file start.txt (compact mmCIF, C-alpha atoms)
# COMPACT_ATOMS: atom_id res chain seq x y z
CA MET A 142 -2.04 4.91 -11.58
CA LEU A 143 -0.43 1.56 -10.87
CA ARG A 144 3.21 1.15 -11.67
CA ASN A 145 4.19 -0.82 -14.77
CA ALA A 146 0.92 0.14 -16.48
CA HIS A 147 -0.99 -2.66 -14.85
CA THR A 148 -4.76 -2.97 -15.34
CA ILE A 149 -6.88 -4.34 -12.49
CA VAL A 150 -9.54 -6.93 -13.29
CA ASP A 151 -12.12 -7.30 -10.53
CA LEU A 152 -12.94 -10.99 -10.00
CA SER A 153 -15.49 -10.60 -7.18
CA VAL A 154 -19.27 -10.88 -7.14
CA LEU A 155 -21.41 -8.27 -5.38
CA ILE A 156 -22.33 -9.15 -1.78
CA SER A 157 -25.98 -8.31 -1.07
CA ALA A 158 -28.93 -9.70 0.87
CA ASP A 159 -30.48 -11.20 -2.29
CA MET A 160 -27.32 -12.65 -3.83
CA LEU A 161 -26.84 -16.27 -4.85
CA ILE A 162 -25.55 -18.29 -1.92
CA TYR A 163 -24.63 -21.95 -1.58
CA PRO A 164 -27.81 -23.77 -0.55
CA GLY A 165 -27.93 -24.03 3.25
CA ASP A 166 -25.50 -21.18 3.93
CA PRO A 167 -26.86 -18.17 5.85
CA ASN A 168 -28.13 -15.16 3.92
CA PRO A 169 -25.79 -12.17 4.13
CA LEU A 170 -27.00 -9.02 5.86
CA ILE A 171 -25.60 -5.54 5.25
CA GLU A 172 -27.59 -3.20 7.48
CA PRO A 173 -27.29 0.37 8.77
CA LEU A 174 -25.97 0.70 12.34
CA SER A 175 -26.37 4.47 12.37
CA THR A 176 -27.32 7.18 9.88
CA ILE A 177 -26.11 10.70 9.21
CA LYS A 178 -29.47 12.06 10.47
CA GLU A 179 -29.40 10.02 13.64
CA GLY A 180 -25.82 9.79 14.81
CA GLY A 181 -23.93 12.02 12.39
CA ALA A 182 -22.53 9.22 10.23
CA ASN A 183 -23.67 6.29 8.13
CA THR A 184 -22.24 3.11 9.58
CA THR A 185 -22.91 -0.46 8.56
CA ARG A 186 -23.10 -3.88 10.18
CA ILE A 187 -22.09 -6.90 8.12
CA ILE A 188 -23.25 -10.44 8.88
CA LEU A 189 -21.84 -13.08 6.56
CA GLY A 190 -21.10 -16.75 6.37
CA ALA A 191 -17.39 -17.07 5.67
CA HIS A 192 -18.21 -18.81 2.34
CA THR A 193 -20.38 -15.95 1.06
CA GLY A 194 -19.78 -14.72 -2.48
CA THR A 195 -16.23 -14.81 -3.77
CA HIS A 196 -14.24 -16.47 -0.99
CA VAL A 197 -11.29 -18.64 -0.10
CA ASP A 198 -11.36 -21.99 1.75
CA VAL A 199 -8.37 -22.98 3.91
CA PRO A 200 -7.44 -26.38 5.41
CA TYR A 201 -9.36 -25.92 8.69
CA HIS A 202 -12.61 -25.98 6.68
CA LEU A 203 -12.37 -29.75 6.39
CA LEU A 204 -9.42 -30.74 8.58
CA ALA A 205 -9.77 -30.46 12.36
CA ARG A 206 -6.08 -29.65 12.73
CA GLY A 207 -5.77 -27.71 9.50
CA LYS A 208 -4.55 -24.14 9.33
CA THR A 209 -7.03 -21.33 9.78
CA VAL A 210 -7.18 -18.16 7.68
CA ASP A 211 -5.06 -16.16 10.13
CA GLU A 212 -2.38 -18.84 10.31
CA LEU A 213 -1.43 -18.60 6.64
CA PRO A 214 0.84 -15.88 5.22
CA LEU A 215 -0.45 -13.56 2.51
CA GLU A 216 1.84 -15.22 -0.06
CA THR A 217 -0.48 -18.26 0.10
CA PHE A 218 -3.24 -16.25 -1.55
CA CYS A 219 -1.38 -14.19 -4.14
CA GLY A 220 0.87 -14.92 -7.06
CA SER A 221 1.28 -15.86 -10.66
CA ALA A 222 -1.83 -17.54 -12.07
CA VAL A 223 -2.88 -19.27 -15.27
CA THR A 224 -6.54 -19.28 -16.36
CA TYR A 225 -7.93 -22.29 -18.22
CA ASP A 226 -10.96 -21.97 -20.49
CA LEU A 227 -13.42 -24.79 -19.78
CA THR A 228 -16.48 -23.39 -21.47
CA HIS A 229 -16.51 -26.38 -23.84
CA LYS A 230 -17.62 -28.44 -20.84
CA VAL A 231 -21.37 -28.74 -20.25
CA LEU A 232 -22.49 -26.92 -17.07
CA GLY A 233 -22.86 -29.50 -14.36
CA SER A 234 -20.01 -31.69 -15.63
CA ARG A 235 -16.66 -32.21 -13.94
CA VAL A 236 -13.28 -31.10 -15.23
CA SER A 237 -10.44 -33.60 -15.61
CA PRO A 238 -6.84 -33.04 -16.77
CA ASP A 239 -7.77 -34.22 -20.29
CA ASP A 240 -9.87 -31.08 -20.63
CA LEU A 241 -6.75 -28.89 -20.39
CA LYS A 242 -5.12 -30.06 -23.60
CA LYS A 243 -3.35 -27.33 -25.58
CA ALA A 244 -3.39 -25.02 -22.54
CA ILE A 245 -0.53 -23.01 -21.00
CA PRO A 246 1.50 -25.30 -18.70
CA LEU A 247 1.22 -24.58 -14.97
CA LYS A 248 4.56 -23.91 -13.31
CA ASN A 249 5.59 -25.01 -9.85
CA GLY A 250 3.90 -22.86 -7.19
CA GLU A 251 1.48 -21.15 -9.55
CA ILE A 252 -2.26 -20.69 -9.07
CA ALA A 253 -4.62 -22.49 -11.48
CA LEU A 254 -7.86 -20.66 -12.32
CA PHE A 255 -10.70 -22.46 -14.10
CA TYR A 256 -13.21 -20.47 -16.12
CA THR A 257 -16.31 -22.58 -16.62
CA GLY A 258 -19.04 -20.03 -17.39
CA SER A 259 -20.97 -21.18 -14.31
CA ASN A 260 -21.24 -17.67 -12.87
CA VAL A 261 -22.70 -15.58 -15.68
CA PRO A 262 -24.49 -12.57 -14.16
CA ALA A 263 -27.96 -13.90 -15.12
CA THR A 264 -27.54 -16.70 -12.60
CA SER A 265 -27.59 -14.36 -9.58
CA GLY A 266 -30.78 -14.87 -7.66
CA SER A 267 -31.15 -18.38 -9.02
CA THR A 268 -30.14 -21.28 -6.83
CA SER A 269 -30.92 -24.06 -9.25
CA ARG A 270 -28.53 -23.60 -12.16
CA PRO A 271 -25.92 -26.35 -12.43
CA TYR A 272 -22.24 -25.45 -12.09
CA THR A 273 -19.12 -27.13 -13.37
CA SER A 274 -16.91 -28.69 -10.69
CA LEU A 275 -13.62 -30.60 -10.57
CA ASP A 276 -13.06 -34.31 -10.91
CA ILE A 277 -10.85 -35.92 -8.27
CA THR A 278 -8.23 -36.52 -10.99
CA MET A 279 -8.01 -32.74 -11.33
CA ALA A 280 -7.04 -32.51 -7.65
CA ASP A 281 -4.32 -35.11 -8.28
CA TRP A 282 -3.05 -33.09 -11.25
CA LEU A 283 -2.88 -29.89 -9.16
CA ILE A 284 -0.93 -31.70 -6.44
CA GLU A 285 1.44 -33.21 -8.99
CA LYS A 286 2.04 -29.75 -10.50
CA HIS A 287 2.69 -28.28 -7.03
CA ALA A 288 -0.05 -25.71 -7.52
CA LYS A 289 -0.17 -23.12 -4.75
CA ALA A 290 -3.91 -22.59 -5.04
CA VAL A 291 -6.89 -23.21 -7.30
CA GLY A 292 -9.75 -20.92 -8.25
CA ILE A 293 -13.04 -21.41 -10.05
CA ASP A 294 -16.10 -19.37 -11.05
CA SER A 295 -18.42 -22.07 -9.65
CA MET A 296 -20.05 -22.28 -6.22
CA SER A 297 -17.79 -25.19 -5.31
CA VAL A 298 -14.98 -27.37 -6.65
CA ASP A 299 -17.09 -30.33 -5.49
CA LEU A 300 -20.54 -31.42 -6.65
CA LEU A 301 -23.48 -29.70 -4.93
CA HIS A 302 -24.06 -31.24 -1.49
CA SER A 303 -21.22 -33.69 -2.03
CA PRO A 304 -21.29 -35.68 1.21
CA LYS A 305 -17.53 -36.22 1.35
CA ASN A 306 -16.26 -33.06 -0.32
CA GLU A 307 -13.50 -35.24 -1.70
CA VAL A 308 -11.97 -32.66 -4.04
CA HIS A 309 -11.87 -30.01 -1.29
CA LYS A 310 -10.40 -32.49 1.15
CA LYS A 311 -7.65 -33.72 -1.15
CA LEU A 312 -6.62 -30.19 -2.09
CA LEU A 313 -6.71 -28.82 1.45
CA LYS A 314 -4.78 -31.81 2.82
CA ASN A 315 -2.07 -30.85 0.36
CA GLY A 316 -2.07 -27.19 1.39
CA ILE A 317 -3.80 -26.00 -1.79
CA VAL A 318 -6.26 -23.23 -0.86
CA ILE A 319 -9.46 -22.93 -2.90
CA PHE A 320 -10.98 -19.76 -4.38
CA GLU A 321 -14.66 -20.20 -5.23
CA ASN A 322 -17.39 -18.11 -6.83
CA LEU A 323 -14.96 -15.93 -8.77
CA SER A 324 -16.93 -13.56 -10.96
CA ASP A 325 -17.60 -14.03 -14.65
CA ASN A 326 -14.83 -11.49 -15.32
CA LEU A 327 -12.57 -14.52 -15.13
CA ARG A 328 -13.43 -14.93 -18.83
CA LEU A 329 -11.15 -11.94 -19.51
CA LEU A 330 -8.13 -13.89 -18.29
CA THR A 331 -8.45 -17.19 -20.16
CA GLY A 332 -5.26 -18.37 -21.78
CA GLN A 333 -3.21 -15.77 -19.91
CA ARG A 334 -0.67 -15.71 -17.10
CA VAL A 335 -1.53 -12.91 -14.65
CA LEU A 336 -0.80 -11.79 -11.08
CA PHE A 337 -3.75 -12.91 -8.91
CA PHE A 338 -4.70 -11.58 -5.46
CA GLY A 339 -7.26 -13.28 -3.23
CA ALA A 340 -6.26 -12.10 0.26
CA PRO A 341 -8.68 -13.10 3.04
CA LEU A 342 -9.65 -10.82 5.91
CA ARG A 343 -7.30 -11.56 8.81
CA LEU A 344 -10.03 -13.39 10.76
CA LYS A 345 -9.01 -15.28 13.88
CA ARG A 346 -9.69 -19.04 13.63
CA ALA A 347 -11.87 -18.79 10.52
CA ASP A 348 -12.15 -21.69 8.06
CA ALA A 349 -12.72 -19.37 5.09
CA SER A 350 -13.11 -15.70 4.27
CA PRO A 351 -15.00 -13.57 1.79
CA ILE A 352 -12.42 -11.84 -0.42
CA ARG A 353 -12.09 -9.09 -2.97
CA ALA A 354 -10.29 -11.13 -5.60
CA PHE A 355 -8.62 -9.35 -8.49
CA ALA A 356 -5.87 -9.76 -11.06
CA LEU A 357 -3.26 -7.45 -12.49
CA ILE A 358 -2.78 -7.86 -16.23
CA MET P 185 6.29 -16.63 -6.39
CA LEU P 186 5.20 -13.12 -7.40
CA ARG P 187 6.53 -11.74 -10.64
CA ASN P 188 9.28 -9.15 -10.50
CA ALA P 189 10.53 -10.57 -7.20
CA HIS P 190 8.02 -8.57 -5.17
CA THR P 191 7.75 -9.02 -1.40
CA ILE P 192 4.33 -8.70 0.26
CA VAL P 193 4.07 -6.66 3.45
CA ASP P 194 0.87 -7.37 5.40
CA LEU P 195 -0.60 -4.10 6.73
CA SER P 196 -3.67 -5.55 8.48
CA VAL P 197 -4.44 -6.12 12.16
CA LEU P 198 -5.93 -9.41 13.36
CA ILE P 199 -9.75 -9.41 13.61
CA SER P 200 -10.89 -11.15 16.80
CA ALA P 201 -13.57 -10.81 19.47
CA ASP P 202 -11.14 -9.15 21.89
CA MET P 203 -9.43 -6.78 19.46
CA LEU P 204 -9.17 -3.04 19.89
CA ILE P 205 -12.21 -1.35 18.37
CA TYR P 206 -13.17 2.30 18.05
CA PRO P 207 -15.13 3.16 21.22
CA GLY P 208 -18.85 2.72 20.54
CA ASP P 209 -18.43 0.40 17.55
CA PRO P 210 -19.84 -3.14 17.90
CA ASN P 211 -17.57 -5.96 18.99
CA PRO P 212 -16.69 -8.36 16.18
CA LEU P 213 -17.87 -11.94 16.39
CA ILE P 214 -16.26 -14.88 14.56
CA GLU P 215 -18.25 -17.96 15.55
CA PRO P 216 -18.65 -21.55 14.35
CA LEU P 217 -21.75 -22.20 12.25
CA SER P 218 -21.01 -25.91 11.95
CA THR P 219 -18.20 -28.26 12.92
CA ILE P 220 -16.56 -31.27 11.27
CA LYS P 221 -18.06 -33.51 13.98
CA GLU P 222 -21.55 -32.10 13.59
CA GLY P 223 -22.10 -31.33 9.93
CA GLY P 224 -18.94 -32.61 8.25
CA ALA P 225 -17.23 -29.23 7.87
CA ASN P 226 -16.07 -26.29 9.95
CA THR P 227 -17.92 -23.19 8.83
CA THR P 228 -17.84 -19.73 10.34
CA ARG P 229 -20.21 -16.80 10.77
CA ILE P 230 -18.71 -13.31 10.81
CA ILE P 231 -20.42 -10.30 12.39
CA LEU P 232 -18.52 -7.05 12.02
CA GLY P 233 -19.01 -3.33 12.02
CA ALA P 234 -17.75 -2.07 8.67
CA HIS P 235 -15.09 0.01 10.49
CA THR P 236 -13.61 -2.98 12.33
CA GLY P 237 -9.84 -3.38 12.32
CA THR P 238 -7.99 -2.29 9.20
CA HIS P 239 -10.68 -0.75 7.00
CA VAL P 240 -11.50 1.82 4.35
CA ASP P 241 -14.02 4.69 4.63
CA VAL P 242 -15.76 5.89 1.47
CA PRO P 243 -17.80 9.08 0.85
CA TYR P 244 -21.20 7.64 1.90
CA HIS P 245 -19.85 7.33 5.46
CA LEU P 246 -20.38 11.06 5.98
CA LEU P 247 -22.15 12.27 2.84
CA ALA P 248 -25.78 11.23 2.31
CA ARG P 249 -25.29 11.21 -1.47
CA GLY P 250 -21.72 10.01 -1.40
CA LYS P 251 -20.54 6.88 -3.17
CA THR P 252 -20.80 3.54 -1.40
CA VAL P 253 -18.12 0.85 -1.36
CA ASP P 254 -19.66 -1.04 -4.30
CA GLU P 255 -19.94 2.09 -6.44
CA LEU P 256 -16.21 2.74 -6.60
CA PRO P 257 -13.83 0.89 -8.95
CA LEU P 258 -10.96 -1.14 -7.53
CA GLU P 259 -8.45 1.41 -8.86
CA THR P 260 -9.68 3.79 -6.14
CA PHE P 261 -8.15 1.54 -3.48
CA CYS P 262 -4.88 0.46 -5.08
CA GLY P 263 -1.84 2.18 -6.44
CA SER P 264 1.49 3.82 -5.90
CA ALA P 265 1.91 4.99 -2.30
CA VAL P 266 4.42 6.99 -0.29
CA THR P 267 4.80 6.39 3.47
CA TYR P 268 5.69 9.30 5.74
CA ASP P 269 7.39 8.74 9.10
CA LEU P 270 5.66 10.76 11.81
CA THR P 271 7.04 9.05 14.85
CA HIS P 272 8.65 12.33 15.94
CA LYS P 273 5.12 13.53 16.72
CA VAL P 274 3.83 12.87 20.24
CA LEU P 275 0.98 10.32 20.29
CA GLY P 276 -2.27 12.23 20.53
CA SER P 277 -1.01 15.17 18.46
CA ARG P 278 -2.15 16.12 14.97
CA VAL P 279 -0.08 16.03 11.81
CA SER P 280 0.24 19.12 9.61
CA PRO P 281 2.13 19.58 6.30
CA ASP P 282 5.08 21.14 8.18
CA ASP P 283 5.71 17.72 9.71
CA LEU P 284 6.50 16.27 6.27
CA LYS P 285 9.64 18.32 5.62
CA LYS P 286 12.44 16.46 3.86
CA ALA P 287 10.03 13.68 2.82
CA ILE P 288 9.51 12.13 -0.62
CA PRO P 289 7.16 14.36 -2.65
CA LEU P 290 3.70 12.94 -3.32
CA LYS P 291 2.85 12.73 -7.01
CA ASN P 292 -0.55 13.39 -8.57
CA GLY P 293 -2.92 10.49 -7.91
CA GLU P 294 -0.71 8.72 -5.38
CA ILE P 295 -1.73 7.38 -1.98
CA ALA P 296 -0.24 9.02 1.13
CA LEU P 297 0.39 6.71 4.09
CA PHE P 298 1.20 8.11 7.53
CA TYR P 299 3.14 6.01 10.01
CA THR P 300 2.59 7.45 13.49
CA GLY P 301 3.41 4.54 15.81
CA SER P 302 -0.14 4.65 17.20
CA ASN P 303 -0.77 0.98 16.51
CA VAL P 304 2.13 -0.86 18.15
CA PRO P 305 1.01 -4.42 18.99
CA ALA P 306 1.02 -3.72 22.76
CA THR P 307 -1.93 -1.40 22.33
CA SER P 308 -4.33 -4.17 21.26
CA GLY P 309 -6.86 -4.72 23.98
CA SER P 310 -6.40 -1.21 25.30
CA THR P 311 -8.98 1.39 24.35
CA SER P 312 -7.40 4.32 26.15
CA ARG P 313 -4.07 4.92 24.42
CA PRO P 314 -3.95 8.18 22.46
CA TYR P 315 -3.44 8.07 18.71
CA THR P 316 -2.02 10.61 16.29
CA SER P 317 -4.54 12.10 13.86
CA LEU P 318 -4.50 14.62 11.02
CA ASP P 319 -4.88 18.38 11.24
CA ILE P 320 -7.38 19.93 8.82
CA THR P 321 -4.44 21.57 7.01
CA MET P 322 -3.24 18.06 6.18
CA ALA P 323 -6.55 17.40 4.41
CA ASP P 324 -6.04 20.60 2.41
CA TRP P 325 -2.52 19.48 1.49
CA LEU P 326 -3.78 16.08 0.28
CA ILE P 327 -6.45 17.74 -1.86
CA GLU P 328 -3.92 20.18 -3.30
CA LYS P 329 -1.60 17.27 -4.17
CA HIS P 330 -4.49 15.37 -5.82
CA ALA P 331 -3.94 12.39 -3.54
CA LYS P 332 -6.05 9.39 -4.50
CA ALA P 333 -6.31 8.12 -0.94
CA VAL P 334 -4.81 8.46 2.52
CA GLY P 335 -3.90 5.79 5.06
CA ILE P 336 -2.87 5.87 8.71
CA ASP P 337 -1.99 3.42 11.50
CA SER P 338 -4.35 5.24 13.90
CA MET P 339 -7.98 4.47 14.76
CA SER P 340 -9.08 7.60 12.91
CA VAL P 341 -7.78 10.53 10.88
CA ASP P 342 -9.92 12.71 13.20
CA LEU P 343 -9.65 13.19 16.95
CA LEU P 344 -11.44 10.60 19.10
CA HIS P 345 -15.17 11.32 19.17
CA SER P 346 -14.71 14.39 17.00
CA PRO P 347 -18.27 15.72 16.72
CA LYS P 348 -17.86 17.02 13.18
CA ASN P 349 -15.33 14.58 11.75
CA GLU P 350 -14.00 17.52 9.80
CA VAL P 351 -10.92 15.80 8.38
CA HIS P 352 -12.96 12.79 7.21
CA LYS P 353 -15.59 15.06 5.71
CA LYS P 354 -13.17 17.26 3.80
CA LEU P 355 -11.30 14.27 2.39
CA LEU P 356 -14.41 12.30 1.44
CA LYS P 357 -16.05 15.36 -0.17
CA ASN P 358 -13.00 15.46 -2.40
CA GLY P 359 -13.18 11.79 -3.27
CA ILE P 360 -10.18 10.82 -1.14
CA VAL P 361 -10.89 7.46 0.52
CA ILE P 362 -9.43 6.82 3.99
CA PHE P 363 -7.58 3.72 5.19
CA GLU P 364 -7.51 3.48 8.99
CA ASN P 365 -6.00 1.17 11.56
CA LEU P 366 -3.22 -0.04 9.27
CA SER P 367 -0.94 -2.35 11.23
CA ASP P 368 2.37 -1.39 12.76
CA ASN P 369 4.07 -3.09 9.79
CA LEU P 370 3.62 0.28 8.12
CA ARG P 371 6.92 1.13 9.82
CA LEU P 372 8.63 -1.11 7.25
CA LEU P 373 7.57 1.21 4.42
CA THR P 374 8.58 4.64 5.73
CA GLY P 375 10.44 6.78 3.24
CA GLN P 376 9.58 4.39 0.41
CA ARG P 377 7.34 4.39 -2.64
CA VAL P 378 5.45 1.06 -2.86
CA LEU P 379 2.43 -0.48 -4.55
CA PHE P 380 -0.43 -0.43 -1.99
CA PHE P 381 -3.62 -2.54 -2.06
CA GLY P 382 -6.60 -1.87 0.21
CA ALA P 383 -9.51 -3.41 -1.72
CA PRO P 384 -12.82 -3.50 0.17
CA LEU P 385 -15.23 -6.41 0.05
CA ARG P 386 -17.77 -5.70 -2.69
CA LEU P 387 -20.53 -4.90 -0.17
CA LYS P 388 -23.78 -3.42 -1.48
CA ARG P 389 -24.47 0.09 -0.10
CA ALA P 390 -21.81 -0.08 2.63
CA ASP P 391 -20.14 3.09 3.95
CA ALA P 392 -16.89 1.27 4.73
CA SER P 393 -15.35 -2.20 4.62
CA PRO P 394 -12.84 -4.20 6.58
CA ILE P 395 -9.88 -4.89 4.28
CA ARG P 396 -6.76 -7.02 4.03
CA ALA P 397 -4.38 -4.18 3.25
CA PHE P 398 -0.91 -5.00 1.96
CA ALA P 399 1.94 -3.55 -0.05
CA LEU P 400 4.30 -4.92 -2.66
CA ILE P 401 7.86 -3.76 -2.24

call {"tool": "encode", "arguments": {"input": "start.txt", "output": "structure tokens"}}
result
Amino acid sequence: MLRNAHTIVDLSVLISADMLIYPGDPNPLIEPLSTIKEGGANTTRIILGAHTGTHVDVPYHLLARGKTVDELPLETFCGSAVTYDLTHKVLGSRVSPDDLKKAIPLKNGEIALFYTGSNVPATSGSTSRPYTSLDITMADWLIEKHAKAVGIDSMSVDLLHSPKNEVHKKLLKNGIVIFENLSDNLRLLTGQRVLFFGAPLRLKRADASPIRAFALI
Amino acid sequence: MLRNAHTIVDLSVLISADMLIYPGDPNPLIEPLSTIKEGGANTTRIILGAHTGTHVDVPYHLLARGKTVDELPLETFCGSAVTYDLTHKVLGSRVSPDDLKKAIPLKNGEIALFYTGSNVPATSGSTSRPYTSLDITMADWLIEKHAKAVGIDSMSVDLLHSPKNEVHKKLLKNGIVIFENLSDNLRLLTGQRVLFFGAPLRLKRADASPIRAFALI
């Protein structure tokens, strides 16, 4: 029932106590606060690290004076997006601009989404499977293209436990917010230009937020 | 940078420790998990009741066998919406279909949004200010019109501490999800038909979810 016959593609992973989380992050908890029997209504308490599941990182994550989630307008997190297919890359490798040959060009202010195949449903529950991340030259490319944001279906744009988080840092310093752990549905968007939405909760002073990311195609 | 020259209107209140919450609900907590100085990155833990701030209620909230947040497709929470101006109603009163005279008709499957003026920014921090809710005849009207969802800028579609939550129950029994505590920006949409988005986090077995609600106009 959307106008213009849009279809919604859900790009978010399920948030549950036993989901895959970045090693070291707290386990999410979704627990009853009251029940219909005792209290007349089911209500729920949610305890989450801000980087749980599909989420967005903003500059404050790595920059002491960077903007927090609530300081950025919604336009930062929504807009025209191009999805690049990177499934020819071995899981665990890093993506560089050379890997984007023959792809749709990214326009000024667009969002670049990278589909790597790192988040196939079978990997939930596992914490050991390698994921594809971005090379620092990819951050330079995104800055040069004036990308508004970048998204990936991996746990991180940096290597696991990268001590310097250099890709994050370079992107965030340049105001490029980072969507991570997009669901495997991202495969449905490869080679297309779509309208992407990754709006964070309006959380005061947070460095990141879990999101319900989706695209209109 | 959205296609079709859309403008985004943010319809969400700020989530903070000192925000206005429904009396009896837990206070939200947004706290540092690590800092750049100690740990190399700012990270945040979020503890929220599912009905904190701008949120959506789904059938499981009041129906033991009702659908949970993760069991409903994204289309349930997004679509064409009409906003009704109800600021002629005294705060604390209840809205009935007679109050909608001369308004845009609601089409099959659309979302009805009610702007009551209950959520003007000055009321944050206060827990005592009355809010406008819906009369049970308004629930009947929404069912008759085959509304997909209903939204309001009040704390609840029912009276404060309503023992039976009869408006909630009737709506949820009929599959009509309920957006509550939309921000005062809803005033910008009165008398208009817009594209509304109120996607919940994909939380396993939750009865509700905080949302970043917004509209495209």

call {"tool": "interface_residues", "arguments": {"input": "start.txt", "of": "chain A", "to": "chain P", "cutoff": "8 Å", "atoms": "all atoms listed in the file", "output": "MDAnalysis selection string"}}
result
chainID A and resid 142:144 149 151 153:157 171 177 181:192 201:205 211 215:216 219:221 250:251 305 336 340:349 351:353

call {"tool": "closest_residue", "arguments": {"input": "start.txt", "among": "P:Asp368, P:Asp202, P:Glu328, P:Asp337", "to": "P:Pro305", "atoms": "all atoms listed in the file"}}
result
P:Asp368

call {"tool": "closest_residue", "arguments": {"input": "start.txt", "among": "A:Leu301, A:Met296, A:Leu329, A:Ala244", "to": "A:Ile162", "atoms": "only C-alpha atoms"}}
result
A:Met296

call {"tool": "residues_around", "arguments": {"input": "start.txt", "residues": "P:Thr271", "least_positions_apart": "3", "cutoff": "10 Å", "atoms": "only C-alpha atoms", "output": "list in words"}}
result
Tyr268, Val274, Leu275, Phe298, Tyr299, Thr300, Gly301, Ser302, Thr316 and Arg371 of chain P

call {"tool": "atom_distance", "arguments": {"input": "start.txt", "atom1": "atom CA of A:Leu227", "atom2": "atom CA of A:Asn168"}}
result
29.5 Å

call {"tool": "atom_distance", "arguments": {"input": "start.txt", "atom1": "atom CA of P:Pro281", "atom2": "atom CA of P:Ile360"}}
result
16.8 Å

call {"tool": "atom_distance", "arguments": {"input": "start.txt", "atom1": "atom CA of A:Ile358", "atom2": "atom CA of A:Thr331"}}
result
11.6 Å

call {"tool": "residues_around", "arguments": {"input": "start.txt", "residues": "P:Val334", "least_positions_apart": "5", "cutoff": "6 Å", "atoms": "only C-alpha atoms", "output": "list in words"}}
result
Ile295, Ala296, Leu297 and Ile362 of chain P

call {"tool": "build_atoms", "arguments": {"input": "start.txt", "residues": "stretch 365-376 of chain P", "atoms": "N, CA, C and O atoms", "output": "PDB file, in the frame of the given file"}}
result
ATOM      1  N   ASN P 365      -6.406   2.333  10.771  1.00  0.00           N
ATOM      2  CA  ASN P 365      -6.000   1.170  11.560  1.00  0.00           C
ATOM      3  C   ASN P 365      -5.104   0.223  10.764  1.00  0.00           C
ATOM      4  O   ASN P 365      -5.203  -0.999  10.908  1.00  0.00           O
ATOM      5  N   LEU P 366      -4.248   0.786   9.916  1.00  0.00           N
ATOM      6  CA  LEU P 366      -3.220  -0.040   9.270  1.00  0.00           C
ATOM      7  C   LEU P 366      -2.316  -0.574  10.377  1.00  0.00           C
ATOM      8  O   LEU P 366      -2.162   0.053  11.429  1.00  0.00           O
ATOM      9  N   SER P 367      -1.728  -1.732  10.155  1.00  0.00           N
ATOM     10  CA  SER P 367      -0.940  -2.350  11.230  1.00  0.00           C
ATOM     11  C   SER P 367       0.404  -1.668  11.388  1.00  0.00           C
ATOM     12  O   SER P 367       0.841  -0.882  10.532  1.00  0.00           O
ATOM     13  N   ASP P 368       1.063  -1.993  12.469  1.00  0.00           N
ATOM     14  CA  ASP P 368       2.370  -1.390  12.760  1.00  0.00           C
ATOM     15  C   ASP P 368       3.433  -1.773  11.727  1.00  0.00           C
ATOM     16  O   ASP P 368       4.506  -1.165  11.676  1.00  0.00           O
ATOM     17  N   ASN P 369       3.143  -2.763  10.879  1.00  0.00           N
ATOM     18  CA  ASN P 369       4.070  -3.090   9.790  1.00  0.00           C
ATOM     19  C   ASN P 369       4.302  -1.918   8.844  1.00  0.00           C
ATOM     20  O   ASN P 369       5.248  -1.931   8.050  1.00  0.00           O
ATOM     21  N   LEU P 370       3.445  -0.914   8.952  1.00  0.00           N
ATOM     22  CA  LEU P 370       3.620   0.280   8.120  1.00  0.00           C
ATOM     23  C   LEU P 370       5.006   0.898   8.349  1.00  0.00           C
ATOM     24  O   LEU P 370       5.550   1.581   7.491  1.00  0.00           O
ATOM     25  N   ARG P 371       5.569   0.611   9.518  1.00  0.00           N
ATOM     26  CA  ARG P 371       6.920   1.130   9.820  1.00  0.00           C
ATOM     27  C   ARG P 371       7.948   0.648   8.798  1.00  0.00           C
ATOM     28  O   ARG P 371       8.958   1.323   8.552  1.00  0.00           O
ATOM     29  N   LEU P 372       7.692  -0.520   8.202  1.00  0.00           N
ATOM     30  CA  LEU P 372       8.630  -1.110   7.250  1.00  0.00           C
ATOM     31  C   LEU P 372       8.670  -0.351   5.924  1.00  0.00           C
ATOM     32  O   LEU P 372       9.549  -0.579   5.094  1.00  0.00           O
ATOM     33  N   LEU P 373       7.700   0.533   5.720  1.00  0.00           N
ATOM     34  CA  LEU P 373       7.570   1.210   4.420  1.00  0.00           C
ATOM     35  C   LEU P 373       7.971   2.674   4.454  1.00  0.00           C
ATOM     36  O   LEU P 373       7.916   3.354   3.424  1.00  0.00           O
ATOM     37  N   THR P 374       8.329   3.194   5.642  1.00  0.00           N
ATOM     38  CA  THR P 374       8.580   4.640   5.730  1.00  0.00           C
ATOM     39  C   THR P 374       9.701   5.072   4.782  1.00  0.00           C
ATOM     40  O   THR P 374      10.697   4.370   4.613  1.00  0.00           O
ATOM     41  N   GLY P 375       9.458   6.211   4.158  1.00  0.00           N
ATOM     42  CA  GLY P 375      10.440   6.780   3.240  1.00  0.00           C
ATOM     43  C   GLY P 375      10.516   6.065   1.907  1.00  0.00           C
ATOM     44  O   GLY P 375      11.404   6.336   1.106  1.00  0.00           O
ATOM     45  N   GLN P 376       9.563   5.153   1.664  1.00  0.00           N
ATOM     46  CA  GLN P 376       9.580   4.390   0.410  1.00  0.00           C
ATOM     47  C   GLN P 376       8.342   4.651  -0.435  1.00  0.00           C
ATOM     48  O   GLN P 376       7.298   5.024   0.078  1.00  0.00           O
TER      49      GLN P 376
END
